[in-house]
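Student: My structure is in query10.cif, and what it holds is mmCIF, C-alpha atoms:
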```cif
data_query
loop_
_atom_site.group_PDB
_atom_site.id
_atom_site.type_symbol
_atom_site.label_atom_id
_atom_site.label_comp_id
_atom_site.auth_asym_id
_atom_site.auth_seq_id
_atom_site.Cartn_x
_atom_site.Cartn_y
_atom_site.Cartn_z
ATOM 1 C CA MET A 108 -29.652 -49.481 19.746
ATOM 2 C CA THR A 109 -26.221 -50.963 19.089
ATOM 3 C CA TYR A 110 -25.198 -53.083 22.051
ATOM 4 C CA THR A 111 -21.955 -54.914 22.663
ATOM 5 C CA VAL A 112 -21.829 -57.732 25.207
ATOM 6 C CA ASN A 113 -19.035 -57.681 27.753
ATOM 7 C CA CYS A 114 -18.113 -61.340 27.774
ATOM 8 C CA SER A 115 -15.850 -60.997 30.802
ATOM 9 C CA ILE A 116 -18.736 -60.235 33.166
ATOM 10 C CA LEU A 117 -21.686 -61.818 31.325
ATOM 11 C CA LEU A 118 -22.235 -65.452 30.294
ATOM 12 C CA THR A 119 -19.694 -66.479 32.925
ATOM 13 C CA ASP A 120 -21.123 -69.947 33.441
ATOM 14 C CA LEU A 121 -19.604 -70.755 30.052
ATOM 15 C CA PRO A 122 -15.891 -71.149 29.300
ATOM 16 C CA LEU A 123 -14.520 -67.803 28.156
ATOM 17 C CA LEU A 124 -13.896 -68.909 24.576
ATOM 18 C CA GLU A 125 -17.500 -70.110 24.206
ATOM 19 C CA ARG A 126 -19.023 -66.779 25.190
ATOM 20 C CA PRO A 127 -18.720 -64.953 21.841
ATOM 21 C CA ALA A 128 -20.752 -67.700 20.164
ATOM 22 C CA ALA A 129 -23.310 -67.557 22.970
ATOM 23 C CA ALA A 130 -23.629 -63.790 22.489
ATOM 24 C CA LYS A 131 -24.237 -64.384 18.786
ATOM 25 C CA VAL A 132 -26.927 -66.961 19.536
ATOM 26 C CA ALA A 133 -28.552 -64.430 21.866
ATOM 27 C CA GLY A 134 -28.837 -62.019 18.951
ATOM 28 C CA PHE A 135 -25.783 -59.782 19.291
ATOM 29 C CA ASP A 136 -23.170 -58.993 16.671
ATOM 30 C CA ALA A 137 -20.569 -57.345 18.923
ATOM 31 C CA VAL A 138 -18.604 -58.267 22.046
ATOM 32 C CA GLU A 139 -16.010 -56.701 24.303
ATOM 33 C CA PHE A 140 -13.592 -58.176 26.834
ATOM 34 C CA TRP A 141 -11.440 -57.260 29.773
ATOM 35 C CA TRP A 142 -7.907 -58.603 29.324
ATOM 36 C CA PRO A 143 -8.638 -62.318 28.722
ATOM 37 C CA PHE A 144 -5.197 -63.697 29.575
ATOM 38 C CA ALA A 145 -3.220 -64.310 32.764
ATOM 39 C CA GLU A 146 -0.084 -62.632 31.419
ATOM 40 C CA SER A 147 0.623 -59.330 29.718
ATOM 41 C CA VAL A 148 2.327 -61.229 26.909
ATOM 42 C CA PRO A 149 0.489 -64.531 26.479
ATOM 43 C CA ALA A 150 1.634 -67.386 24.294
ATOM 44 C CA ASP A 151 0.881 -67.128 20.589
ATOM 45 C CA ALA A 152 -1.410 -70.147 20.818
ATOM 46 C CA GLU A 153 -3.520 -68.458 23.511
ATOM 47 C CA VAL A 154 -3.886 -65.329 21.410
ATOM 48 C CA ALA A 155 -4.820 -67.361 18.340
ATOM 49 C CA ALA A 156 -7.454 -69.311 20.280
ATOM 50 C CA PHE A 157 -9.014 -66.086 21.538
ATOM 51 C CA GLU A 158 -9.043 -64.514 18.085
ATOM 52 C CA ASN A 159 -10.513 -67.660 16.548
ATOM 53 C CA ALA A 160 -13.305 -67.677 19.124
ATOM 54 C CA ILE A 161 -14.278 -64.170 17.981
ATOM 55 C CA THR A 162 -14.068 -64.781 14.254
ATOM 56 C CA ASP A 163 -15.650 -68.247 14.364
ATOM 57 C CA ALA A 164 -18.622 -66.800 16.263
ATOM 58 C CA GLY A 165 -19.135 -64.176 13.573
ATOM 59 C CA VAL A 166 -19.081 -61.249 15.991
ATOM 60 C CA GLN A 167 -17.099 -58.014 16.015
ATOM 61 C CA LEU A 168 -14.695 -57.301 18.874
ATOM 62 C CA THR A 169 -15.483 -53.684 19.768
ATOM 63 C CA GLY A 170 -13.430 -53.259 22.933
ATOM 64 C CA LEU A 171 -10.484 -54.807 24.745
ATOM 65 C CA ASN A 172 -8.777 -53.868 28.004
ATOM 66 C CA PHE A 173 -5.071 -53.614 28.456
ATOM 67 C CA ASN A 174 -3.854 -55.989 31.155
ATOM 68 C CA ALA A 175 -5.085 -54.665 34.497
ATOM 69 C CA GLY A 176 -3.251 -57.112 36.745
ATOM 70 C CA ASN A 177 -4.978 -59.576 39.049
ATOM 71 C CA MET A 178 -8.492 -58.108 39.113
ATOM 72 C CA PRO A 179 -9.998 -60.686 41.565
ATOM 73 C CA ALA A 180 -7.180 -59.835 43.986
ATOM 74 C CA GLY A 181 -7.956 -56.120 43.760
ATOM 75 C CA ASP A 182 -5.595 -54.876 41.049
ATOM 76 C CA ARG A 183 -7.073 -52.173 38.827
ATOM 77 C CA GLY A 184 -4.546 -51.481 36.121
ATOM 78 C CA LEU A 185 -0.857 -51.124 35.326
ATOM 79 C CA VAL A 186 -0.870 -47.579 33.912
ATOM 80 C CA SER A 187 0.375 -45.919 37.119
ATOM 81 C CA TRP A 188 2.006 -49.005 38.650
ATOM 82 C CA LYS A 189 5.662 -48.184 39.154
ATOM 83 C CA GLY A 190 7.822 -51.243 38.625
ATOM 84 C CA ARG A 191 5.680 -52.715 35.841
ATOM 85 C CA CYS A 192 6.273 -50.063 33.190
ATOM 86 C CA SER A 193 8.172 -52.329 30.800
ATOM 87 C CA GLU A 194 5.489 -55.002 31.179
ATOM 88 C CA PHE A 195 2.803 -52.475 30.284
ATOM 89 C CA LYS A 196 4.785 -51.373 27.231
ATOM 90 C CA ASP A 197 5.067 -55.001 26.103
ATOM 91 C CA ASN A 198 1.321 -55.421 26.602
ATOM 92 C CA ILE A 199 0.670 -52.488 24.253
ATOM 93 C CA ASP A 200 2.179 -54.425 21.355
ATOM 94 C CA VAL A 201 -0.002 -57.471 22.051
ATOM 95 C CA VAL A 202 -3.157 -55.370 22.392
ATOM 96 C CA ALA A 203 -2.430 -53.512 19.171
ATOM 97 C CA GLY A 204 -1.778 -56.793 17.380
ATOM 98 C CA ILE A 205 -5.107 -58.272 18.438
ATOM 99 C CA GLY A 206 -6.885 -55.038 17.605
ATOM 100 C CA GLY A 207 -5.323 -54.846 14.189
ATOM 101 C CA ARG A 208 -6.205 -58.421 13.259
ATOM 102 C CA LEU A 209 -9.779 -58.223 14.565
ATOM 103 C CA GLY A 210 -10.626 -54.646 13.616
ATOM 104 C CA CYS A 211 -11.037 -53.514 17.227
ATOM 105 C CA LYS A 212 -10.520 -49.769 17.789
ATOM 106 C CA ALA A 213 -11.228 -49.128 21.501
ATOM 107 C CA PHE A 214 -8.838 -50.108 24.287
ATOM 108 C CA ASN A 215 -9.521 -49.494 27.972
ATOM 109 C CA ALA A 216 -6.468 -48.672 30.086
ATOM 110 C CA LEU A 217 -7.320 -48.956 33.781
ATOM 111 C CA TYR A 218 -5.306 -46.371 35.692
ATOM 112 C CA GLY A 219 -4.115 -48.466 38.641
ATOM 113 C CA ASN A 220 -4.366 -48.184 42.417
ATOM 114 C CA ARG A 221 -2.398 -45.840 44.626
ATOM 115 C CA MET A 222 0.780 -47.382 46.044
ATOM 116 C CA ALA A 223 1.980 -46.539 49.559
ATOM 117 C CA GLU A 224 5.649 -46.535 48.579
ATOM 118 C CA PHE A 225 5.255 -43.824 45.918
ATOM 119 C CA THR A 226 3.747 -40.370 45.913
ATOM 120 C CA PRO A 227 0.611 -39.707 43.877
ATOM 121 C CA GLU A 228 2.643 -37.259 41.800
ATOM 122 C CA GLU A 229 5.189 -39.945 40.905
ATOM 123 C CA GLN A 230 2.446 -42.345 39.857
ATOM 124 C CA ASP A 231 0.556 -39.696 37.909
ATOM 125 C CA GLU A 232 3.703 -38.717 36.002
ATOM 126 C CA LEU A 233 4.242 -42.344 35.012
ATOM 127 C CA ALA A 234 0.579 -42.723 34.085
ATOM 128 C CA VAL A 235 0.694 -39.894 31.570
ATOM 129 C CA LYS A 236 3.823 -41.365 29.978
ATOM 130 C CA ASN A 237 2.242 -44.820 29.766
ATOM 131 C CA LEU A 238 -1.020 -43.473 28.362
ATOM 132 C CA VAL A 239 0.885 -41.546 25.709
ATOM 133 C CA ALA A 240 2.762 -44.739 24.821
ATOM 134 C CA ALA A 241 -0.502 -46.693 24.678
ATOM 135 C CA ALA A 242 -2.143 -44.091 22.451
ATOM 136 C CA GLN A 243 0.845 -44.064 20.132
ATOM 137 C CA GLY A 244 0.880 -47.859 20.113
ATOM 138 C CA VAL A 245 -2.698 -48.174 18.843
ATOM 139 C CA ALA A 246 -2.672 -45.098 16.615
ATOM 140 C CA GLY A 247 -1.408 -47.113 13.666
ATOM 141 C CA ILE A 248 -4.587 -49.224 13.632
ATOM 142 C CA GLY A 249 -6.864 -46.228 14.140
ATOM 143 C CA GLY A 250 -7.305 -47.088 17.806
ATOM 144 C CA THR A 251 -8.367 -44.985 20.766
ATOM 145 C CA VAL A 252 -7.297 -45.440 24.379
ATOM 146 C CA LEU A 253 -10.120 -45.199 26.914
ATOM 147 C CA LEU A 254 -9.784 -43.941 30.491
ATOM 148 C CA GLU A 255 -12.444 -45.011 32.974
ATOM 149 C CA PRO A 256 -13.595 -43.797 36.391
ATOM 150 C CA VAL A 257 -14.154 -46.885 38.550
ATOM 151 C CA SER A 258 -16.154 -47.586 41.711
ATOM 152 C CA GLY A 259 -15.644 -50.184 44.415
ATOM 153 C CA ALA A 260 -11.855 -49.787 44.552
ATOM 154 C CA GLU A 261 -10.813 -47.475 47.380
ATOM 155 C CA LEU A 262 -7.243 -47.024 46.143
ATOM 156 C CA TYR A 263 -8.231 -46.272 42.548
ATOM 157 C CA PRO A 264 -7.848 -42.477 42.192
ATOM 158 C CA ILE A 265 -9.984 -41.846 39.092
ATOM 159 C CA LYS A 266 -13.547 -41.861 40.384
ATOM 160 C CA THR A 267 -15.254 -39.009 38.529
ATOM 161 C CA ALA A 268 -15.508 -37.917 34.928
ATOM 162 C CA ALA A 269 -13.755 -34.652 35.752
ATOM 163 C CA GLN A 270 -10.769 -36.512 37.210
ATOM 164 C CA ALA A 271 -10.529 -38.674 34.104
ATOM 165 C CA MET A 272 -10.825 -35.663 31.813
ATOM 166 C CA ASP A 273 -8.012 -33.940 33.710
ATOM 167 C CA VAL A 274 -5.704 -36.864 32.922
ATOM 168 C CA ILE A 275 -6.958 -37.024 29.344
ATOM 169 C CA GLY A 276 -6.124 -33.333 28.957
ATOM 170 C CA LYS A 277 -2.551 -33.966 30.112
ATOM 171 C CA VAL A 278 -2.144 -36.851 27.671
ATOM 172 C CA ARG A 279 -3.475 -34.749 24.815
ATOM 173 C CA ALA A 280 -1.160 -31.900 25.791
ATOM 174 C CA ALA A 281 1.715 -34.379 25.582
ATOM 175 C CA GLY A 282 0.852 -35.016 21.949
ATOM 176 C CA ALA A 283 -1.509 -38.007 21.978
ATOM 177 C CA GLU A 284 -4.974 -37.003 20.787
ATOM 178 C CA ASN A 285 -6.456 -40.503 20.483
ATOM 179 C CA ILE A 286 -7.593 -40.863 24.092
ATOM 180 C CA ALA A 287 -11.176 -40.528 25.292
ATOM 181 C CA LEU A 288 -13.466 -40.983 28.283
ATOM 182 C CA LEU A 289 -15.092 -44.314 28.980
ATOM 183 C CA ALA A 290 -18.392 -43.295 30.550
ATOM 184 C CA ASP A 291 -19.603 -46.213 32.620
ATOM 185 C CA PHE A 292 -22.919 -44.905 33.915
ATOM 186 C CA TYR A 293 -22.939 -47.407 36.779
ATOM 187 C CA HIS A 294 -19.512 -46.475 38.120
ATOM 188 C CA LEU A 295 -20.168 -42.744 37.726
ATOM 189 C CA SER A 296 -23.501 -42.972 39.526
ATOM 190 C CA VAL A 297 -22.207 -45.107 42.403
ATOM 191 C CA ASN A 298 -19.320 -42.673 42.873
ATOM 192 C CA GLY A 299 -21.756 -39.771 43.224
ATOM 193 C CA ASP A 300 -21.198 -38.071 39.877
ATOM 194 C CA ASP A 301 -24.141 -36.195 38.372
ATOM 195 C CA VAL A 302 -24.400 -38.382 35.287
ATOM 196 C CA ALA A 303 -26.764 -36.055 33.420
ATOM 197 C CA ALA A 304 -24.322 -33.190 33.967
ATOM 198 C CA VAL A 305 -21.424 -35.405 32.876
ATOM 199 C CA ILE A 306 -23.264 -36.116 29.640
ATOM 200 C CA ASP A 307 -23.927 -32.409 29.101
ATOM 201 C CA SER A 308 -20.273 -31.562 29.665
ATOM 202 C CA TYR A 309 -18.431 -34.457 28.087
ATOM 203 C CA ALA A 310 -20.608 -36.424 25.658
ATOM 204 C CA LYS A 311 -18.418 -35.148 22.833
ATOM 205 C CA ASP A 312 -15.465 -36.767 24.608
ATOM 206 C CA PHE A 313 -17.099 -40.156 25.162
ATOM 207 C CA GLY A 314 -15.084 -42.879 23.526
ATOM 208 C CA HIS A 315 -17.427 -45.547 24.842
ATOM 209 C CA ILE A 316 -20.451 -45.999 27.118
ATOM 210 C CA GLN A 317 -21.050 -48.962 29.421
ATOM 211 C CA ILE A 318 -24.146 -49.625 31.494
ATOM 212 C CA ALA A 319 -25.367 -51.516 34.533
ATOM 213 C CA ASP A 320 -28.130 -50.630 36.961
ATOM 214 C CA ALA A 321 -27.722 -49.542 40.569
ATOM 215 C CA PRO A 322 -27.886 -50.613 43.250
ATOM 216 C CA GLY A 323 -26.462 -54.047 42.574
ATOM 217 C CA ARG A 324 -24.753 -53.731 39.187
ATOM 218 C CA GLY A 325 -27.533 -55.790 37.664
ATOM 219 C CA ALA A 326 -29.293 -55.677 34.314
ATOM 220 C CA PRO A 327 -31.081 -52.517 33.186
ATOM 221 C CA GLY A 328 -34.393 -52.257 34.982
ATOM 222 C CA SER A 329 -33.180 -54.103 38.083
ATOM 223 C CA GLY A 330 -32.319 -50.870 39.883
ATOM 224 C CA GLU A 331 -33.126 -47.190 39.864
ATOM 225 C CA LEU A 332 -30.914 -45.593 37.214
ATOM 226 C CA PRO A 333 -32.554 -43.838 34.214
ATOM 227 C CA LEU A 334 -30.210 -45.586 31.808
ATOM 228 C CA GLY A 335 -32.470 -45.149 28.786
ATOM 229 C CA ASP A 336 -32.737 -41.409 29.355
ATOM 230 C CA TRP A 337 -28.971 -41.088 29.735
ATOM 231 C CA ILE A 338 -28.295 -43.077 26.573
ATOM 232 C CA THR A 339 -30.810 -40.997 24.615
ATOM 233 C CA LYS A 340 -29.252 -37.774 25.887
ATOM 234 C CA SER A 341 -25.784 -38.992 24.917
ATOM 235 C CA ARG A 342 -27.042 -39.861 21.442
ATOM 236 C CA ASP A 343 -28.681 -36.450 21.090
ATOM 237 C CA LEU A 344 -25.358 -34.800 21.936
ATOM 238 C CA GLY A 345 -23.462 -36.770 19.324
ATOM 239 C CA TYR A 346 -22.379 -40.106 20.785
ATOM 240 C CA ASP A 347 -22.853 -42.713 18.068
ATOM 241 C CA GLY A 348 -20.855 -45.665 19.371
ATOM 242 C CA HIS A 349 -21.803 -48.964 20.968
ATOM 243 C CA ILE A 350 -23.415 -49.329 24.379
ATOM 244 C CA GLY A 351 -21.460 -51.863 26.396
ATOM 245 C CA LEU A 352 -23.516 -54.281 28.504
ATOM 246 C CA GLU A 353 -21.331 -54.704 31.585
ATOM 247 C CA TYR A 354 -23.577 -55.977 34.356
ATOM 248 C CA LYS A 355 -23.927 -59.084 36.497
ATOM 249 C CA THR A 356 -26.792 -61.534 36.165
ATOM 250 C CA GLU A 357 -27.511 -65.188 35.534
ATOM 251 C CA THR A 358 -27.026 -66.315 31.945
ATOM 252 C CA ASP A 359 -30.620 -67.473 31.485
ATOM 253 C CA GLN A 360 -31.833 -63.985 32.440
ATOM 254 C CA ALA A 361 -28.984 -61.988 30.949
ATOM 255 C CA PHE A 362 -30.985 -60.335 28.198
ATOM 256 C CA ALA A 363 -34.563 -60.786 29.368
ATOM 257 C CA TRP A 364 -34.881 -57.006 29.866
ATOM 258 C CA LEU A 365 -34.122 -56.249 26.236
ATOM 259 C CA ILE A 366 -36.986 -55.847 23.789
ATOM 260 C CA ARG A 367 -35.524 -55.840 20.323
#
```
Please express the file's structure as structure tokens.

Tutor:
Amino acid sequence: MTYTVNCSILLTDLPLLERPAAAKVAGFDAVEFWWPFAESVPADAEVAAFENAITDAGVQLTGLNFNAGNMPAGDRGLVSWKGRCSEFKDNIDVVAGIGGRLGCKAFNALYGNRMAEFTPEEQDELAVKNLVAAAQGVAGIGGTVLLEPVSGAELYPIKTAAQAMDVIGKVRAAGAENIALLADFYHLSVNGDDVAAVIDSYAKDFGHIQIADAPGRGAPGSGELPLGDWITKSRDLGYDGHIGLEYKTETDQAFAWLIR
């Protein structure tokens, strides 16, 4: 099994730039991150420090989010956020730069919450344009944009795999083929999707898989989800990418479930 450690949700008792090295010590060769900066266009020194933390640790960056706004405050992406379009476009260049220098190919673009002052149609139209721009922006480094159904955010409109695939179809119809589904088995399950059926229907469209158990979003084995069965089924249907570890637990128990 090829795992990649999400260092934005795991190992959080350590400073962010120390987490790649800690993942390496724990036996992993790959890491992924949510957007690790406060701004869409951080200072060059901040970017360099982040990149050095990855390369010095000797791990591969396999995934990086576009800026999603203030996540602790409830933001869930800039893709459909009217009024921040130019900021999102500027963020594309930074993301593509980091990806190109570190060999990262997968970039998660959180869709964004519904806004009371705009119609869903207005936001969805902007989202397709921004996703096309993001896909074009990372195409030169062989990158793929990921679109993710998310749970726990009432105003986030993409909750099922089918809803995500509908948007992905519109982006592809607009000329950007390098966009794929991020299948987070935790989010899909919590939102009531039939995960086994999602795998049957869309495994060929998976750009990435992430896992956590439910209830609780803890480590595999802490809940009731048949994560191993779902991963095996995805592999059987052609998914050959990393499995992102994106769950919450104490650092000293973070990987106790895993028998290598």

Student: Could you list as a PyMOL selection string every residue that has an atom within 8 Å of (-14.2, -48.3, 24.8), using the file's coordinates and counting all atoms listed in the file?

Tutor: chain A and resi 169-171+213-215+251-253+289+314-316

Student: Can I get the selected residues back with C-alpha atoms, as a PDB file, keeping the file's coordinate frame?

Tutor:
```
ATOM      1  CA  THR A 169     -15.483 -53.684  19.768  1.00  0.00           C
ATOM      2  CA  GLY A 170     -13.430 -53.259  22.933  1.00  0.00           C
ATOM      3  CA  LEU A 171     -10.484 -54.807  24.745  1.00  0.00           C
ATOM      4  CA  ALA A 213     -11.228 -49.128  21.501  1.00  0.00           C
ATOM      5  CA  PHE A 214      -8.838 -50.108  24.287  1.00  0.00           C
ATOM      6  CA  ASN A 215      -9.521 -49.494  27.972  1.00  0.00           C
ATOM      7  CA  THR A 251      -8.367 -44.985  20.766  1.00  0.00           C
ATOM      8  CA  VAL A 252      -7.297 -45.440  24.379  1.00  0.00           C
ATOM      9  CA  LEU A 253     -10.120 -45.199  26.914  1.00  0.00           C
ATOM     10  CA  LEU A 289     -15.092 -44.314  28.980  1.00  0.00           C
ATOM     11  CA  GLY A 314     -15.084 -42.879  23.526  1.00  0.00           C
ATOM     12  CA  HIS A 315     -17.427 -45.547  24.842  1.00  0.00           C
ATOM     13  CA  ILE A 316     -20.451 -45.999  27.118  1.00  0.00           C
TER      14      ILE A 316
END
```

Student: Just the residues within 8 Å of Gly325 (chain A), please, counting only C-alpha atoms, with nothing from its chain fewer than 4 positions along; format it as a ChimeraX atom specification.

Tutor: /A:319-321,329-330,354-356

Student: Write out as a VMD selection string each polymer residue whose atoms come within 12 Å of region 223-231 of chain A, counting all atoms listed in the file; drop sequence neighbours fewer than 6 positions from it.

Tutor: chain A and resid 185 to 192 237 to 238 262 to 265 270 to 271 273 to 275 277 to 278

Student: Taking the file as shown, what set of residues would the PyMOL selection byres ((chain A and resi 159) around 12) give back, as a list in words?

Tutor: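 In the shown coordinates, the PyMOL selection byres ((chain A and resi 159) around 12) covers Leu124, Glu125, Pro127, Ala128, Ala152, Glu153, Val154, Ala155, Ala156, Phe157, Glu158, Ala160, Ile161, Thr162, Asp163, Ala164, Gly165, Val166, Gln167, Leu168, Ile205, Arg208 and Leu209 of chain A.
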
Student: Mind pulling up the distance from CA of Ala268 (chain A) to CA of Ala180 (chain A)?

Tutor: 25.1 Å

Student: Leaving out Asp200 (chain A) and any residue of its chain fewer than 3 positions from it, which residues lie within 10 Å of it when counting all atoms listed in the file, given as a PyMOL selection string?

Tutor: chain A and resi 147-148+195-197+203-206+241+244-245

Student: Nearest to Leu332 (chain A) among A:Leu344, A:Ala129, A:Leu288, A:Ala303, with distances taken over only C-alpha atoms: which residue is it?

Tutor: A:Ala303

Student: Measure the distance from CA of Gly345 (chain A) to CA of Lys311 (chain A) in Å and round it to one decimal.

Tutor: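 Distance between the two atoms: 6.4 Å.
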
Student: When distances are computed from all atoms listed in the file, which of A:Glu353, A:Glu284, A:Asp136, A:Glu232 shows the smallest separation from Ala326 (chain A)?

Tutor: A:Glu353

Student: Go ahead and compute the interatomic distance for CA of His294 (chain A) and CA of Lys266 (chain A), in Å to one decimal.

Tutor: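 One can read the CA of His294 (chain A) to CA of Lys266 (chain A) distance as 7.9 Å.
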
Student: Near Leu334 (chain A), counting only C-alpha atoms, which residues have an atom at most 10 Å away, once you skip same-chain residues fewer than 3 positions from it, shown as a PyMOL selection string?

Tutor: chain A and resi 292-293+302+318-321+327-328+330-331+337-340

Student: For the point (-17.0, -37.4, 38.9) in file coordinates, what residues are within 8 Å, counting all atoms listed in the file? Give the answer as a PyMOL selection string?

Tutor: chain A and resi 256+266-270+295+298-301+305

Student: Show me, as a PyMOL selection string, the residues that have an atom within 9 Å of Cys114 (chain A) when counting only C-alpha atoms, minus same-chain residues fewer than 3 positions from it.

Tutor: chain A and resi 117-119+123+126-127+130+138-141+352-353

Student: To verify the selection step, state as a list of chain:residue names which residues the PyMOL selection byres ((chain A and resi 146) around 10) yields on this input.

Tutor: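 For this structure, the PyMOL selection byres ((chain A and resi 146) around 10) resolves to A:Trp142, A:Pro143, A:Phe144, A:Ala145, A:Ser147, A:Val148, A:Pro149, A:Ala150, A:Asn174, A:Ala175, A:Gly176, A:Asn177, A:Glu194, A:Asn198.
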
Student: Have a look at A:Gly250, A:Gly181, A:Pro333, A:Gly282 and name the one nearest to Ser296 (chain A); count only C-alpha atoms.

Tutor: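 With only C-alpha atoms as the atom set, the closest residue is A:Pro333.
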
Student: Extending 4 Å beyond the listed atoms of region 131-147 of chain A on each side, what axis-aligned box results? I want centre and edge lengths in Å to one decimal, as lines of an AutoDock Vina configuration file.

Tutor:
```
center_x = -14.1
center_y = -61.8
center_z = 24.7
size_x = 37.5
size_y = 18.3
size_z = 24.1
```

Student: Of the candidates A:Asp151, A:Asp343, A:Asp312, A:Asp307, which one gets nearest to Gly276 (chain A) if we count only C-alpha atoms?

Tutor: A:Asp312

Student: Quick one: of A:Asn113, A:Gln243, A:Gln360, A:Ser193, who's nearest to Ala283 (chain A), counting all atoms listed in the file?

Tutor: A:Gln243

Student: Mind telling me what the PyMOL selection byres ((chain A and resi 110) around 8) catches here, as a PyMOL selection string?

Tutor: chain A and resi 108-109+111-112+135+137+349-352
